[in-house]
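Asker: Pasting a structure here, questions to come.
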Amino acid sequence: MGFQKKTGKGRLDKYYRLAKEKGYRARAAFKLLQLNKKFGFLQNSKVVIDLCAAPGSWCQVAVEAMPRGSLIVGVDLSPIKPIPGVITFQSDITTDKCRAELRRHLKTWKADTVLHDGAPNVGTAWIQDSFNQAELTLQSLKLACDFLVEGGTFCTKVFRSAQYNQLLWIFGQLFDKVDATKPPSSRNVSAEIFCVCRGFKAPKHIDPRFLDPRTAFADLKETVNTDEARVYKPEQKKRKRGGYEEGDYTLYKEVLASEFVESTDPISILANTNRLILETLEPSLSLSALNKMPATTPEIRQYCSDLKVLGRSEFKKLLKWRILAREAFGLPTKKTSKPAAEEEEVAEVESMDEELKIQEELQAMKDKDSAKRKREKRKENERKTKEIRRLQMHMTAPMDIGIDAAAQEDVFRLKSLEKDNAVSKVAKGRMAVLSERQKKDQDSGIGSSGETDDESDDLNDVLERELDQQYDAYQERRANYEARIKRRKQEEDGEWEGVSADENESSDDDIVEESDDSDDEDDEDDEEPQRLLMDLDNTATDPGLSKRATKFFSQDIFKDIPGLEQSDSESVIGEDGDMEDIPVIGKPEVKTKTSEKGTKVSKRSAKENPSRAADDTKEAEGQNQEVDDWEDANRRSDGRPITAEAMMLAHQLATGQKTTHGVIDENFDKYAFRDRDGLPDWFIEDESKHDKKQKPITKEAAQAIKDKMRALNARPIKKVREAQARKKFKAAQRLEKLKKKSDLLANEEGMTEKEKAESIAKLLSKAKTKAPKRSVRVVVARGVNRGIQGRPKGVKGRYKIVDARMKKETRALKRIAKRK
Ligand SMILES: C[S@@+](CC[C@H](N)C(=O)[O-])C[C@H]1O[C@@H](n2cnc3c(N)ncnc32)[C@H](O)[C@@H]1O
């Protein structure tokens with residue numbers, strides 16, 4: 001019969017510490033905080049009575065939660081230290097004096113909420129006296145009935161005892177809604193739960209028997225006095241470890257243990273007997289057999305010596321011992337009788353729990369069911385909203401090609417229509433026309449068809465739907481934003497990367513709506529189906545140039561410049577910004593990766609110098625391919641980046657540390673079967689960040705990943721590659737230019753051969769000579785130059801100020817190094 005120490009470490013839990021931290025006088029504060037969070041009764045209260053308020057933590061919570069200037073009155077048997085904004089006094093809540101005092105403080109007002117957290121003082125070694133507790137609760141209810149305003153709230157502590165159901169029933173008679181709940185801060189070992197009774201009915205006349213413990217718990221009293229109750233609920237007899245109940249000791253009874261074993265009614269013996277005799281002066285066969293039984297432990301002997309101080313578990317042990325003895329004696333054990341007894345016990349002791357559980361289960365099922373219905377309705381409404389919005393935007397899907405209007409968003413991806421050769425069908429078909437009825441439906445609002453919103457949606461429904469719609473809008477905005485950024489990036493890169501297939505796509509996507517308006521009746525006979533996707537800017541784009549570049553070169557100013565014909569040659573802007581008319585080296589097909597990644601080539605030069613063009617193209621292809629490979633290597637086929645976990649798993653699979661089956665098995669964890677039904681999208685998305693098993697990464701795998709990253713980092717990045725390619729490209733251009741000039745010179749008719757040779761040699765030497773490297777002048781920081789800032793006097797060009805000592809030291813170091 002272990003009992004819990006009040007000051008034991010187990011009792012000083014997180015709420016205890018939290019209460020200390022937050023300055024609450026007791027951890028009980030969190031119970032009210034949590035109850036109020038769930039039911040929100042304090043925010044709307046202007047007058048509160050706190051019954052059994054000492055030391056006052058509930059009053060503290062009430063002050064915080066209630067509107068400023070509210071009236072809070074706290075009463076307790078014990079004194080309560082003053083709390084700003086709270087009236088407190090010392091009194092017994094069961095007395096008329098307390099009632100009068102409360103009336104004096106409240107004047108003519110009525111209380112919006114009555115709180116009660118009372119616990120009568122009971123013996124320390126026994127569990128709290130539930131009957132007394134229920135009595136106290138009834139007293140507090142009586143006060144609540146006197147002071148509560150109609151519709152008011154009564155929040156009380158109740159113990160899950162025999163009187164619990166009775167109390168709940170009484171609450172139910174006086175209030176519209178009664179919720180029994182156990183806040184998380186209430187210890188599990190405690191039998192307390194809290195009833196929040198809302199909507200006080202304020203009946204004009206209350207039958208006094210309701211609030212009188214003698215009548216309210218009348219039927220229960222009888223059961224308390226049965227033998228079973230005495231055995232299974234000894235605490236209801238107010239047993240105390242210290243001795244017998246007053247007056248009871250005169251009825252001292254002793255029964256032979258063998259009689260107890262043989263008896264068919266062991267419960268009544270246990271209930272009405274003080275001692276089971278195991279030893280007598282006269283020899284007894286059955287008693288000596290009992291004494292010899294290994295099950296007759298000193299503990300059992302002790303229990304037998306004084307039955308009046310035993311608790312439930314001790315009685316249970318005695319009953320078990322009796323069964324063993326009966327088996328040893330060959331007496332019928334009625335195996336069923338024992339479990340029956342136990343079952344009975346369980347049923348009696350935990351009937352409240354079971355009932356509560358069933359109620360909770362029923363409630364949960366109901367909630368689930370209604371949530372499901374709401375969900376379905378909401379989805380239906382959303383679908384209709386979307387449909388209507390599409391119709392309003394003239395985005396009706398052509399039904400004649402078999403597309404369900406309620407299908408997903410990509411129904412409007414006209415590209416896919418083109419692919420499926422559905423374009424011609426669309427072009428020939430008629431667009432869906434809204435019927436008058438549909439229009440009416442549209443006008444009447446979102447949920448106009450079928451069940452109306454007004455009929456069925458409560459506030460929660462509306463809020464939930466709004467939240468979902470906002471979330472959808474947010475998702476849409478985010479997707480648009482990302483697409484915009486991506487497009488901008490593509491356009492920026494386009495200066496160097498040319499036109500990619502993607503770019504064409506994205507630009508096409510922008511004009512989907514425009515194409516809908518086109519009248520295509522005349523095109524019926526066209527062999528080619530009319531393209532649904534058309535670029536608004538229908539100027540022919542050179543496949544080698546980005547859109548921006550094409551637009552730039554299409555200006556009039558460039559019209560007459562030779563070599564800028566868009567179709568077969570291309571101009572390149574030099575690094576220094578000059579426009580140079582340079583024939584470029586080769587031109588692979590537009591759709592190849594090379595062209596996508598930006599090697600600028602022209603058909604003409606490819607024709608002129610096919611072999612070199614092919615070489616250069618190959619090289620450029622190789623370089624770009626490498627860059628692409630590098631990028632692709634870090635992405636999965638679905639475009640998502642390869643994570644360290646994935647790499648580790650791949651490594652383990654490759655080295656045989658894991659098998660595919662093993663991996664599949666591993667993934668059947670608690671997250672695998674999570675019910676996501678009915679959860680809003682935003683919640684699922686947010687949860688998805690955390691509802692995965694964290695897979696540890698081994699040291700070896702981490703090292704392997706590091707090595708891989710190091711190897712990747714060691715390779716030149718894309719920009720460096722590009723710079724190298726540019727340099728090469730320019731050198732080729734210079735050479736080409738030189739060749740052209742020398743060809744011109746060679747064909748010059750007015751020059752002698754010698755002159756021609758000299759001019760060409762000059763050109764070549766000029767091309768060879770590199771711009772001289774600008775020298776850096778070293779200025780020693782001494783004399784006038786000591787400590788100066790900025791350019792020293794008389795020094796032109798690049799300079800570097802050095803310290804004289806540093807120069808000497810460097811020389812000395814060199815000398816020393818040489819000597820070694
Ligand atoms: C658990 S404490 C209340 C804690 C309080 N709610 C708080 O937050 O600080 C129970 C209180 O009930 C009081 N109490 C028990 N019987 C009472 C009675 N008949 N009249 C007034 N107070 C009583 C006890 O004095 C004790 O202070």
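Residues are named by chain letter and number: chains run A, B, ... in the order of the structure tokens, numbers start at 1 in each chain, and ligands are numbered from 1 in the order shown.
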Which polymer residues have any atom within 6 Å of an atom of stretch 49-59 of chain A, counting only C-alpha atoms, with same-chain residues fewer than 4 positions away left out, as JSON, numbers by chain?
Answerer: {"A": [24, 25, 26, 29, 72, 73, 74, 75, 76, 80, 114, 115, 116, 117, 118]}
Asker: Among stretch 268-305 of chain A, which residues carry a DSSP assignment of alpha helix (DSSP H), reported as a list in words?
Answerer: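 Taking stretch 268-305 of chain A and keeping alpha helix (DSSP H) gives Ser268, Ile269, Leu270, Ala271, Asn272, Leu285, Ser286, Leu287, Ser288, Ala289, Leu290, Asn291, Lys292, Pro298, Glu299, Ile300, Arg301, Gln302, Tyr303, Cys304 and Ser305 of chain A.
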Asker: Would you mind exporting C-alpha atoms of the selected residues as a PDB file, in the first residue's frame?
Answerer:
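The result, written out as part05.pdb:
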ATOM      1  CA  SER A 268     -19.207 -11.337   3.611  1.00  0.00           C
ATOM      2  CA  ILE A 269     -16.574 -12.941   5.868  1.00  0.00           C
ATOM      3  CA  LEU A 270     -14.000 -10.402   4.756  1.00  0.00           C
ATOM      4  CA  ALA A 271     -16.458  -7.568   5.187  1.00  0.00           C
ATOM      5  CA  ASN A 272     -17.717  -8.488   8.626  1.00  0.00           C
ATOM      6  CA  LEU A 285      -6.011 -30.662   9.982  1.00  0.00           C
ATOM      7  CA  SER A 286      -7.224 -28.060   7.583  1.00  0.00           C
ATOM      8  CA  LEU A 287      -5.491 -25.218   9.419  1.00  0.00           C
ATOM      9  CA  SER A 288      -2.164 -27.064   9.511  1.00  0.00           C
ATOM     10  CA  ALA A 289      -2.550 -27.776   5.787  1.00  0.00           C
ATOM     11  CA  LEU A 290      -3.195 -24.107   5.223  1.00  0.00           C
ATOM     12  CA  ASN A 291      -0.126 -23.185   7.287  1.00  0.00           C
ATOM     13  CA  LYS A 292       2.006 -25.568   5.277  1.00  0.00           C
ATOM     14  CA  PRO A 298       4.030 -13.955   6.182  1.00  0.00           C
ATOM     15  CA  GLU A 299       2.268 -11.205   4.256  1.00  0.00           C
ATOM     16  CA  ILE A 300      -0.944 -13.260   4.081  1.00  0.00           C
ATOM     17  CA  ARG A 301      -0.622 -14.067   7.766  1.00  0.00           C
ATOM     18  CA  GLN A 302      -0.360 -10.380   8.506  1.00  0.00           C
ATOM     19  CA  TYR A 303      -3.451  -9.630   6.437  1.00  0.00           C
ATOM     20  CA  CYS A 304      -5.377 -12.331   8.246  1.00  0.00           C
ATOM     21  CA  SER A 305      -4.437 -10.883  11.608  1.00  0.00           C
TER      22      SER A 305
END
Asker: Please measure the separation of atom CA of A:Arg99 and atom CA of A:Lys37, giving the value in Å to one decimal.
Answerer: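 Going from atom CA of A:Arg99 over to atom CA of A:Lys37, I get 29.4 Å.
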Asker: What gap, in Å, lies between atom CA of A:Ile788 and atom CA of A:Glu809?
Answerer: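 About the pair atom CA of A:Ile788 and atom CA of A:Glu809: they are 21.8 Å apart.
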Asker: I'd like the interatomic distance between atom 7 (C, counted along the ligand's line) of ligand 1 and atom CA of A:Tyr16, to a tenth of an Å.
Answerer: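 Rounded to one decimal, the two atoms are 12.6 Å apart.
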Asker: Need the shell around stretch 738-741 of chain A: protein/DNA/RNA residues with any atom at most 12 Å away, counting only C-alpha atoms. Skip same-chain ones fewer than 6 positions apart. Format as a PyMOL selection string?
Answerer: chain A and resi 582-583+731-732+747-748+756+759-768
Asker: Selection from above, C-alpha atoms, as a compact mmCIF listing (two decimals), in the first residue's frame, can you write it?
Answerer:
# COMPACT_ATOMS: atom_id res chain seq x y z
CA ILE A 582 32.04 38.96 -86.82
CA PRO A 583 31.12 35.83 -88.59
CA ALA A 731 40.54 34.49 -80.30
CA ALA A 732 38.88 32.66 -83.16
CA ASN A 747 43.81 40.79 -103.61
CA GLU A 748 44.62 44.50 -103.57
CA LYS A 756 51.50 43.38 -99.59
CA SER A 759 51.47 44.97 -94.62
CA ILE A 760 50.47 41.40 -93.80
CA ALA A 761 53.57 40.96 -91.63
CA LYS A 762 52.71 44.17 -89.81
CA LEU A 763 49.18 42.96 -89.23
CA LEU A 764 50.44 39.68 -87.87
CA SER A 765 52.96 41.26 -85.55
CA LYS A 766 50.32 43.67 -84.33
CA ALA A 767 47.99 40.80 -83.61
CA LYS A 768 50.77 38.95 -81.79
Asker: Using only C-alpha atoms, which of A:Phe171, A:Phe159, A:Phe217, A:Tyr671 sits nearest A:Gly199?
Answerer: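 Closest candidate: A:Phe171.
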Asker: Nearest residue to ligand 1 out of A:Ala218, A:Met66, A:Val158, A:Ala771, using only C-alpha atoms and all ligand atoms?
Answerer: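 The answer is A:Val158, which sits nearest to ligand 1.
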Asker: If we count only C-alpha atoms, what is near A:Ala325 at a cut-off of 12 Å, once residues fewer than 3 positions away on the same chain are taken out, given as a ChimeraX atom specification?
Answerer: /A:257-263,286-296,318-322,328-333
Asker: For A:His105, list every protein, DNA or RNA residue within 12 Å, evaluated using only C-alpha atoms, and leave out those in the same chain fewer than 2 positions away; present the list as a PyMOL selection string.
Answerer: chain A and resi 47-49+71-75+86-89+98-103+107-111+147
Asker: Output C-alpha atoms for every residue in that selection, as an mmCIF file, in the first residue's frame.
Answerer:
data_model
loop_
_atom_site.group_PDB
_atom_site.id
_atom_site.type_symbol
_atom_site.label_atom_id
_atom_site.label_comp_id
_atom_site.auth_asym_id
_atom_site.auth_seq_id
_atom_site.Cartn_x
_atom_site.Cartn_y
_atom_site.Cartn_z
ATOM 1 C CA VAL A 47 -18.210 39.083 -12.541
ATOM 2 C CA VAL A 48 -16.587 35.889 -11.252
ATOM 3 C CA ILE A 49 -16.878 34.056 -7.951
ATOM 4 C CA LEU A 71 -15.243 41.966 -10.332
ATOM 5 C CA ILE A 72 -13.552 38.880 -8.922
ATOM 6 C CA VAL A 73 -14.456 37.544 -5.496
ATOM 7 C CA GLY A 74 -12.483 34.685 -3.956
ATOM 8 C CA VAL A 75 -13.425 32.743 -0.829
ATOM 9 C CA VAL A 86 -9.524 40.597 -6.432
ATOM 10 C CA ILE A 87 -11.730 40.711 -3.325
ATOM 11 C CA THR A 88 -10.979 37.820 -1.003
ATOM 12 C CA PHE A 89 -12.376 36.685 2.310
ATOM 13 C CA CYS A 98 -20.407 32.868 3.290
ATOM 14 C CA ARG A 99 -23.531 33.347 1.183
ATOM 15 C CA ALA A 100 -24.318 36.633 2.959
ATOM 16 C CA GLU A 101 -20.764 37.852 2.522
ATOM 17 C CA LEU A 102 -20.833 37.045 -1.160
ATOM 18 C CA ARG A 103 -24.134 38.896 -1.516
ATOM 19 C CA LYS A 107 -24.481 43.876 -4.347
ATOM 20 C CA THR A 108 -27.156 43.577 -7.001
ATOM 21 C CA TRP A 109 -24.933 42.001 -9.641
ATOM 22 C CA LYS A 110 -25.040 38.449 -10.791
ATOM 23 C CA ALA A 111 -21.980 36.356 -11.547
ATOM 24 C CA PHE A 147 -25.515 33.928 -7.869
#
Asker: With only C-alpha atoms as the basis for distance, which of A:Ile83, A:Ala371, A:Ile277, A:Ile388 is at the shortest distance from A:Asn460?
Answerer: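 Distance minimum relative to A:Asn460 lands on A:Ala371.
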Asker: Would you please work out which residue, of A:Lys316, A:Lys177, A:Lys97, A:Lys157, is nearest to A:Ala191 when using only C-alpha atoms?
Answerer: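 Going through A:Lys316, A:Lys177, A:Lys97, A:Lys157 one by one, the smallest distance to A:Ala191 is for A:Lys157.
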